[in-house]
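Engineer: Structure file target_11.txt, compact mmCIF, C-alpha atoms and all ligand atoms, is pasted below:
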# COMPACT_ATOMS: atom_id res chain seq x y z
CA MET A 1 56.42 20.34 42.58
CA LYS A 2 58.43 19.74 45.77
CA LEU A 3 56.70 18.88 49.07
CA SER A 4 57.74 22.23 50.61
CA GLY A 5 56.03 23.99 47.70
CA LEU A 6 52.80 22.05 48.36
CA ARG A 7 52.78 23.19 51.97
CA ASN A 8 52.58 26.80 50.83
CA LEU A 9 49.32 25.99 49.03
CA ARG A 10 47.37 25.62 52.29
CA PRO A 11 44.16 27.62 52.25
CA PRO A 12 44.76 31.03 53.90
CA LYS A 13 41.86 30.53 56.33
CA LEU A 14 43.75 27.76 58.15
CA GLY A 15 46.65 30.12 58.83
CA ILE A 16 44.29 32.71 60.32
CA LEU A 17 42.61 30.12 62.56
CA SER A 18 45.96 28.81 63.68
CA GLY A 19 47.11 32.34 64.60
CA MET A 20 43.88 33.03 66.49
CA ARG A 21 44.23 29.77 68.42
CA VAL A 22 47.69 30.84 69.63
CA THR A 23 46.40 34.32 70.57
CA PHE A 24 43.36 32.96 72.40
CA THR A 25 45.34 30.32 74.32
CA THR A 26 47.94 32.89 75.35
CA MET A 27 45.20 35.30 76.43
CA LEU A 28 43.58 32.65 78.66
CA ARG A 29 46.86 31.61 80.23
CA THR A 30 47.85 35.24 80.89
CA TRP A 31 44.41 35.94 82.34
CA ALA A 32 44.79 32.94 84.65
CA PHE A 33 48.23 34.20 85.68
CA ASN A 34 46.94 37.65 86.60
CA LEU A 35 43.84 36.31 88.40
CA SER A 36 45.88 33.90 90.49
CA GLY A 37 48.36 36.61 91.47
CA GLY A 38 51.15 34.99 89.51
CA LYS A 39 50.70 31.40 90.74
CA VAL A 40 49.04 29.72 87.72
CA GLY A 41 49.28 30.19 84.01
CA LEU A 42 51.74 31.86 81.73
CA ARG A 43 53.36 35.21 82.16
CA SER A 44 53.32 36.56 78.63
CA THR A 45 52.51 40.06 79.77
CA VAL A 46 52.27 41.75 83.15
CA ASN A 47 49.12 43.50 84.29
CA TYR A 48 50.94 46.78 84.88
CA PRO A 49 50.53 48.88 87.04
CA LYS A 50 48.74 46.34 89.28
CA ILE A 51 51.71 44.01 88.96
CA LYS A 52 55.16 45.54 88.69
CA GLU A 53 58.22 43.78 87.45
CA MET A 54 61.52 44.43 89.15
CA PRO A 55 64.18 44.98 86.49
CA VAL A 56 67.67 43.59 87.01
CA PRO A 57 69.92 45.92 89.07
CA ARG A 58 72.00 46.89 86.04
CA ALA A 59 69.00 47.74 83.87
CA ARG A 60 69.24 51.10 82.10
CA GLY A 61 66.19 52.83 83.52
CA VAL A 62 67.27 56.38 84.26
CA ILE A 63 70.56 58.19 84.86
CA ALA A 64 71.34 59.62 88.30
CA LEU A 65 73.77 62.46 88.99
CA GLU A 66 75.99 62.79 92.05
CA GLN A 67 76.35 66.58 92.03
CA ASP A 68 79.26 66.73 94.47
CA ALA A 69 81.35 64.45 92.25
CA CYS A 70 80.75 66.46 89.06
CA THR A 71 83.60 68.79 88.06
CA VAL A 72 81.70 70.41 85.16
CA CYS A 73 84.27 68.99 82.73
CA MET A 74 81.55 68.70 80.03
CA LEU A 75 82.92 65.40 78.77
CA CYS A 76 79.53 63.69 79.02
CA ALA A 77 77.73 66.51 77.19
CA ARG A 78 80.33 66.54 74.41
CA SER A 79 80.18 62.75 74.03
CA CYS A 80 76.40 62.46 73.98
CA PRO A 81 75.35 61.51 70.43
CA ASP A 82 71.92 63.08 70.92
CA TRP A 83 73.13 66.37 72.44
CA CYS A 84 70.56 65.98 75.19
CA ILE A 85 72.77 66.90 78.17
CA TYR A 86 72.81 70.61 79.07
CA ILE A 87 75.47 71.79 81.52
CA GLU A 88 76.34 75.23 82.84
CA GLY A 89 78.72 76.08 85.64
CA HIS A 90 80.99 78.71 87.10
CA LYS A 91 84.27 78.84 88.99
CA GLU A 92 84.36 79.60 92.70
CA ILE A 93 87.43 80.48 94.70
CA LYS A 94 87.66 78.26 97.77
CA PRO A 95 89.98 78.78 100.74
CA PRO A 96 93.26 76.85 100.75
CA SER A 97 93.03 73.27 101.97
CA ARG A 98 95.92 73.81 104.41
CA PRO A 99 97.34 76.84 106.20
CA GLY A 100 99.68 78.82 103.96
CA GLY A 101 98.33 77.16 100.80
CA ARG A 102 96.92 78.90 97.78
CA PRO A 103 93.20 79.51 97.27
CA ARG A 104 91.63 76.88 95.04
CA ALA A 105 89.39 77.45 92.04
CA ARG A 106 86.54 74.95 92.00
CA ALA A 107 83.98 74.46 89.25
CA THR A 108 80.40 74.54 90.51
CA LEU A 109 77.33 73.28 88.70
CA ASP A 110 74.60 75.79 87.84
CA ARG A 111 72.68 73.56 85.51
CA PHE A 112 72.75 69.87 84.62
CA ASP A 113 69.74 68.71 82.63
CA ILE A 114 69.12 65.51 80.70
CA ASP A 115 66.30 65.50 78.19
CA TYR A 116 64.89 61.98 78.32
CA ALA A 117 62.63 62.76 75.38
CA LEU A 118 65.82 62.71 73.26
CA CYS A 119 68.04 60.29 75.18
CA MET A 120 68.58 56.94 73.48
CA TYR A 121 69.95 55.23 76.61
CA CYS A 122 73.26 54.40 74.96
CA GLY A 123 75.11 54.89 78.26
CA ILE A 124 78.07 56.73 76.72
CA CYS A 125 77.77 59.60 79.24
CA VAL A 126 77.96 57.18 82.17
CA GLU A 127 80.95 55.40 80.62
CA VAL A 128 82.98 58.50 79.83
CA CYS A 129 82.51 60.37 83.12
CA PRO A 130 85.99 60.35 84.67
CA PHE A 131 84.74 61.27 88.14
CA ASP A 132 81.99 58.69 88.72
CA ALA A 133 79.26 61.30 88.84
CA LEU A 134 76.74 59.47 86.64
CA PHE A 135 75.05 56.16 87.39
CA TRP A 136 72.38 53.99 85.86
CA THR A 137 69.42 53.10 88.03
CA PRO A 138 66.75 50.53 87.12
CA GLU A 139 63.92 52.97 87.96
CA TYR A 140 61.54 53.28 85.01
CA GLU A 141 58.41 55.02 86.28
CA TYR A 142 58.86 58.54 84.94
CA SER A 143 56.77 58.60 81.78
CA GLU A 144 54.87 61.81 81.04
CA TYR A 145 52.04 62.95 78.79
CA ASP A 146 54.08 65.94 77.56
CA MET A 147 57.66 66.30 76.35
CA GLY A 148 58.54 69.18 78.72
CA PRO A 149 58.66 67.25 82.00
CA MET A 150 60.92 64.66 80.36
CA MET A 151 63.71 67.18 80.94
CA HIS A 152 65.14 66.27 84.35
CA ASP A 153 67.06 69.02 86.11
CA MET A 154 70.05 68.52 88.39
CA ASP A 155 67.94 68.21 91.54
CA ARG A 156 65.76 65.54 90.03
CA LEU A 157 68.84 63.74 88.70
CA GLN A 158 70.35 63.91 92.18
CA ASP A 159 67.13 62.44 93.60
CA TRP A 160 67.55 59.41 91.37
CA MET A 161 70.72 58.59 93.33
CA LYS A 162 68.42 57.10 95.99
CA THR A 163 67.42 54.43 93.49
CA VAL A 164 70.95 53.38 92.46
CA PRO A 165 71.28 49.75 93.59
CA GLU A 166 73.63 49.08 96.46
CA GLY A 167 77.10 48.28 95.21
CA LEU A 168 76.72 50.29 92.00
CA GLY A 169 76.56 53.80 93.45
CA ALA A 170 79.13 56.29 94.66
CA GLN A 171 78.56 55.17 98.22
CA SER A 172 79.89 51.67 97.47
S1 LIG A 201 72.54 57.71 77.59
FE1 LIG A 201 73.41 58.34 75.59
S2 LIG A 201 71.85 59.60 74.64
FE2 LIG A 201 71.29 59.43 76.82
S3 LIG A 201 72.21 61.24 77.79
FE3 LIG A 201 73.72 59.59 77.94
S4 LIG A 201 75.05 59.80 76.12
FE4 LIG A 201 73.18 61.00 75.76
S1 LIG A 202 81.62 63.86 82.58
FE1 LIG A 202 81.07 63.59 84.76
S2 LIG A 202 82.27 65.17 85.82
FE2 LIG A 202 82.23 65.74 83.64
S3 LIG A 202 80.46 67.13 83.45
FE3 LIG A 202 79.73 65.06 82.98
S4 LIG A 202 78.96 64.27 84.95
FE4 LIG A 202 80.23 66.04 85.41
Can you dump the structure from the file as C-alpha cells?
Structural biologist:
Amino acid sequence: MKLSGLRNLRPPKLGILSGMRVTFTTMLRTWAFNLSGGKVGLRSTVNYPKIKEMPVPRARGVIALEQDACTVCMLCARSCPDWCIYIEGHKEIKPPSRPGGRPRARATLDRFDIDYALCMYCGICVEVCPFDALFWTPEYEYSEYDMGPMMHDMDRLQDWMKTVPEGLGAQS
C-alpha cells in the first residue's frame, strides 16, 4: 500500500479533534477582534450590526433609479432574466422647446418597481439602459421579514440615488 493510502487510515476521531481545534481557535481570535474593537485578533466574521463593513464603491448592493433620465423605453424590463422589473408609463404632450416649434410627446413614468425578492443581481438592467437611469449602489441594509416589502417602487428606487458613490452617479 502506498504512503498516501496509509494516511487515509487515520482514526476518524483525530480528524474531528483537528476540525474542532481550528473552529475553537478561530472563535477565540474573532472574539478577541470584536472585544478589542477591531485592534487585536482575526477578522473571520464581523459582529454585525454592531460592526458594519463598508463594501467597495462598485459593490452590487441595490439598484437606484434616476426618474428624470428614464424614457420608459422598457429595455431593462425586457432584458431582465428574472422578469422582476415592472414598468408602466404614458405619453404627455409638452410645449415646444422653442417658439414656433412643434409640441413634443414625452414618455412619463407611472410605475417602476424592482422586486428584490426575485432579482439575482446580474446587473443586465444597469448595463443595457441607454439613458443612464439605473445605477448600482453599495447599500445593503434593506432586508425584510416578508417578501412584499422587497418590491421597491419608483420613489424608493429614486431615494437610493442618494447612496450612489460620488463619481458613479448621474451627477458625475
Ligand atoms: S440585476 Fe438582473 S435580475 Fe436584477 S433587476 Fe436587473 S436585470 Fe433583473
Ligand atoms: S432601460 Fe433605462 S430608460 Fe429604458 S425603461 Fe429602463 S431605466 Fe428607463
Engineer: Please, what is the axis-aligned box for every listed atom of ligand LIG 201 (chain A) with 4 Å on each side, as centre and edge lengths in Å to one decimal, as AutoDock Vina command-line options?
Structural biologist:
--center_x 73.2 --center_y 59.5 --center_z 76.3 --size_x 11.8 --size_y 11.5 --size_z 11.3
Engineer: For range 91-93 of chain A, work out the shell of residues within 8 Å, counting all atoms listed in the file and skipping chain neighbours fewer than 6 positions away, then give it as a VMD selection string.
Structural biologist: chain A and resid 103 to 108
Engineer: When the cut-off is 6 Å and you count only C-alpha atoms and all ligand atoms, which residues lie near ligand LIG 202 (chain A), shown as a PDB file with C-alpha atoms, in the frame of the given file?
Structural biologist:
ATOM      1  CA  CYS A  70      80.750  66.460  89.060  1.00  0.00           C
ATOM      2  CA  THR A  71      83.600  68.790  88.060  1.00  0.00           C
ATOM      3  CA  VAL A  72      81.700  70.410  85.160  1.00  0.00           C
ATOM      4  CA  CYS A  73      84.270  68.990  82.730  1.00  0.00           C
ATOM      5  CA  MET A  74      81.550  68.700  80.030  1.00  0.00           C
ATOM      6  CA  LEU A  75      82.920  65.400  78.770  1.00  0.00           C
ATOM      7  CA  CYS A  76      79.530  63.690  79.020  1.00  0.00           C
ATOM      8  CA  CYS A 129      82.510  60.370  83.120  1.00  0.00           C
ATOM      9  CA  PRO A 130      85.990  60.350  84.670  1.00  0.00           C
ATOM     10  CA  PHE A 131      84.740  61.270  88.140  1.00  0.00           C
ATOM     11  CA  ALA A 133      79.260  61.300  88.840  1.00  0.00           C
ATOM     12  CA  LEU A 134      76.740  59.470  86.640  1.00  0.00           C
TER      13      LEU A 134
END
Engineer: State, in Å with one decimal place, the distance from CA of Lys162 in chain A to CA of Val126 in chain A.
Structural biologist: 16.8 Å
Engineer: Within 12 Å of Tyr48 in chain A, counting only C-alpha atoms, which residues qualify if same-chain residues fewer than 6 places away don't, as a list in words?
Structural biologist: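 So, after excluding close chain neighbours, the residues are Asn34, Met54 and Glu141 of chain A.
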Engineer: Could you write out that same residue set with C-alpha atoms as a PDB file, in the coordinates of the input?
Structural biologist:
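The file below, again.pdb, is the result:
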ATOM      1  CA  ASN A  34      46.940  37.650  86.600  1.00  0.00           C
ATOM      2  CA  MET A  54      61.520  44.430  89.150  1.00  0.00           C
ATOM      3  CA  GLU A 141      58.410  55.020  86.280  1.00  0.00           C
TER       4      GLU A 141
END
Engineer: Would you work out the distance separating CA of Thr163 in chain A from CA of Leu109 in chain A, expressed in Å to one decimal?
Structural biologist: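 Going from CA of Thr163 in chain A over to CA of Leu109 in chain A, I get 21.8 Å.
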Engineer: Could I get the residue neighbourhood of ligand LIG 201 (chain A) at 8 Å, counting only C-alpha atoms and all ligand atoms, as a count of residues only?
Structural biologist: 22
Engineer: I'd like to know which of A:Pro57, A:Gly15, A:Pro49, A:Pro99 is closest to Glu166 in chain A, using all atoms listed in the file.
Structural biologist: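 Among A:Pro57, A:Gly15, A:Pro49, A:Pro99, it is A:Pro57 that comes nearest to Glu166 in chain A.
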Engineer: Could you please give me, as a list in words, the residues of protein, DNA or RNA lying at most 9 Å from (58.9, 62.8, 85.6) in the coordinate frame of the file, considering all atoms listed in the file?
Structural biologist: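 Neighbouring residues, ordered by chain and number, come to Glu141, Tyr142, Ser143, Glu144, Pro149, Met150, Met151, His152 and Arg156 of chain A.
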Engineer: Quick one: pull the distance between CA of Gln67 in chain A and CA of Glu127 in chain A, Å, one decimal.
Structural biologist: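 So the two atoms, CA of Gln67 in chain A and CA of Glu127 in chain A, lie 16.6 Å apart.
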Engineer: Would you please work out which residue, of A:Gly19, A:Pro165, A:Pro95, A:Gly89, is nearest to Gly61 in chain A when using all atoms listed in the file?
Structural biologist: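 Using all atoms listed in the file, Gly61 in chain A sits closest to A:Pro165.
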Engineer: Choose the residue, out of A:Phe112, A:Tyr145, A:Trp31, A:Tyr140, that has the smallest atom-to-atom separation from Asn47 in chain A; count only C-alpha atoms.
Structural biologist: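 Among the listed residues, A:Trp31 lies closest to Asn47 in chain A.
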Engineer: Got a sec: who's within 8 Å of Ala64 in chain A, counting all atoms listed in the file, leaving out chain neighbours fewer than 4 positions off, as a count of residues only?
Structural biologist: 10
